[in-house]
Amino acid sequence: MKKNILKSAFILVLALSFASFTTIFKKDVKVKESTITWTGHKVTGSHEGTINLTAGNLIFDGNTLTGGSFTMDMTSINVTDIEAGQGKEKLEGHLKSDDFFGTSNHPSATFKITSVDGKNGKYKVTGNLTIKGKSHQSTFNMNVTESIATANFKIDRTKYDIKYGSSSFFDNLKDKAISDEFDLNVILKF
């Protein structure tokens with residue numbers, strides 16, 4: 001009986017010591033080295049550009065991604081496929097207006113990871129994306145190497161009350177229709 005108690009105590013101590021080797025790391029995103037690019041589609045083509053990050057972190061349990069978040073500076077929306085003086089400033093102003101992201105009232109957007117599934121650098125990430133004060137769940141694939149996390153995903157802008165040019169809400173737009181979804185390509189360096 002005494003040997004069984006000692007064996008049980010030894011196993012418990014051994015299990016606790018192994019558990020103590022698992023370390024939670026919070027790694028800050030290097031916002032100046034990280035990039036977010038967007039692509040918006042319309043009937044007659046597409047536009048693309050960038051959005052700056054203001055903050056971010058990724059949380060790891062050992063080498064496994066378990067959480068994190070990042071914040072985008074929506075006032076930094078930049079159009080990269082149109083030259084200055086050729087309509088670039090007009091489109092940037094329209095994207096910042098209340099028709100789209102309303103950056104004067106909503107200068108930032110955030111994504112907070114709520115769950116992660118996967119291992120060995122390949123994950124399915126679920127989290128809450130907040131744009132214009134409205135939060136909705138998004139799920140996408142994220143690849144993580146030693147110091148870079150990448151993800152490409154689509155966002156339905158109409159969920160965030162961005163309905164301008166949407167054929168889901170307006171009739172007779174014809175070639176002026178803008179797709180409800182836009183693409184975000186995220187590269188987080190940490």
# chains A, B, ... in the order shown; residues from 1 in each chain; ligands from 1
$ residues_around --residues "stretch 60-66 of chain A" --least-positions-apart "6" --cutoff "8 Å" --atoms "only C-alpha atoms" --output "list in words"
Thr22, Thr23, Ile24, Phe25, Lys26, Lys27, Ser115, Val116, Lys119, Asn120, Gly121 and Tyr123 of chain A
$ write_last_selection --atoms "N, CA and C atoms" --output "mmCIF file, in the first residue's frame"
data_model
loop_
_atom_site.group_PDB
_atom_site.id
_atom_site.type_symbol
_atom_site.label_atom_id
_atom_site.label_comp_id
_atom_site.auth_asym_id
_atom_site.auth_seq_id
_atom_site.Cartn_x
_atom_site.Cartn_y
_atom_site.Cartn_z
ATOM 1 N N THR A 22 6.130 23.612 -20.262
ATOM 2 C CA THR A 22 5.321 24.258 -21.287
ATOM 3 C C THR A 22 5.250 25.741 -20.941
ATOM 4 N N THR A 23 5.666 26.570 -21.860
ATOM 5 C CA THR A 23 5.754 27.995 -21.584
ATOM 6 C C THR A 23 4.856 28.776 -22.531
ATOM 7 N N ILE A 24 4.108 29.712 -21.962
ATOM 8 C CA ILE A 24 3.264 30.601 -22.749
ATOM 9 C C ILE A 24 4.096 31.829 -23.118
ATOM 10 N N PHE A 25 4.170 32.121 -24.416
ATOM 11 C CA PHE A 25 4.902 33.291 -24.910
ATOM 12 C C PHE A 25 3.928 34.234 -25.587
ATOM 13 N N LYS A 26 4.061 35.507 -25.298
ATOM 14 C CA LYS A 26 3.318 36.545 -26.016
ATOM 15 C C LYS A 26 4.356 37.297 -26.832
ATOM 16 N N LYS A 27 4.253 37.168 -28.158
ATOM 17 C CA LYS A 27 5.222 37.805 -29.039
ATOM 18 C C LYS A 27 4.581 39.006 -29.716
ATOM 19 N N SER A 115 -10.129 31.153 -30.992
ATOM 20 C CA SER A 115 -9.747 29.738 -30.955
ATOM 21 C C SER A 115 -8.799 29.418 -32.102
ATOM 22 N N VAL A 116 -7.975 28.398 -31.870
ATOM 23 C CA VAL A 116 -6.989 27.968 -32.855
ATOM 24 C C VAL A 116 -7.010 26.445 -32.909
ATOM 25 N N LYS A 119 -1.557 22.453 -35.877
ATOM 26 C CA LYS A 119 -0.236 22.275 -35.293
ATOM 27 C C LYS A 119 0.815 22.390 -36.386
ATOM 28 N N ASN A 120 2.067 22.375 -35.970
ATOM 29 C CA ASN A 120 3.210 22.423 -36.892
ATOM 30 C C ASN A 120 3.145 23.597 -37.868
ATOM 31 N N GLY A 121 2.687 24.742 -37.389
ATOM 32 C CA GLY A 121 2.677 25.944 -38.208
ATOM 33 C C GLY A 121 1.498 26.113 -39.136
ATOM 34 N N TYR A 123 -2.572 26.364 -39.154
ATOM 35 C CA TYR A 123 -3.669 26.536 -38.215
ATOM 36 C C TYR A 123 -4.946 27.000 -38.903
#
$ select_by_dssp --residues "stretch 101-137 of chain A" --states "strand (DSSP E or B)" --output "list in words"
Ser108, Ala109, Thr110, Phe111, Lys112, Ile113, Thr114, Ser115, Val116, Asp117, Gly118, Lys119, Lys122, Tyr123, Lys124, Val125, Thr126, Gly127, Asn128, Leu129, Thr130, Ile131, Lys134, Ser135, His136 and Gln137 of chain A
$ closest_residue --among "A:Lys189, A:Thr103, A:Ala55, A:Gly87" --to "A:Glu146" --atoms "only C-alpha atoms"
A:Lys189
$ residues_around --residues "A:Asp183" --least-positions-apart "2" --cutoff "6 Å" --atoms "only C-alpha atoms" --output "PDB file with N, CA and C atoms, in the first residue's frame"
ATOM      1  N   TRP A  38      -5.040  44.836 -49.250  1.00  0.00           N
ATOM      2  CA  TRP A  38      -6.447  44.557 -49.525  1.00  0.00           C
ATOM      3  C   TRP A  38      -6.682  44.593 -51.027  1.00  0.00           C
ATOM      4  N   THR A  39      -7.703  43.881 -51.454  1.00  0.00           N
ATOM      5  CA  THR A  39      -8.165  43.946 -52.839  1.00  0.00           C
ATOM      6  C   THR A  39      -9.682  44.000 -52.813  1.00  0.00           C
ATOM      7  N   PHE A 153      -7.690  36.024 -46.404  1.00  0.00           N
ATOM      8  CA  PHE A 153      -9.094  35.711 -46.178  1.00  0.00           C
ATOM      9  C   PHE A 153     -10.005  36.767 -46.774  1.00  0.00           C
ATOM     10  N   LYS A 154     -11.271  36.390 -46.931  1.00  0.00           N
ATOM     11  CA  LYS A 154     -12.288  37.277 -47.498  1.00  0.00           C
ATOM     12  C   LYS A 154     -13.171  37.804 -46.392  1.00  0.00           C
TER      13      LYS A 154
END
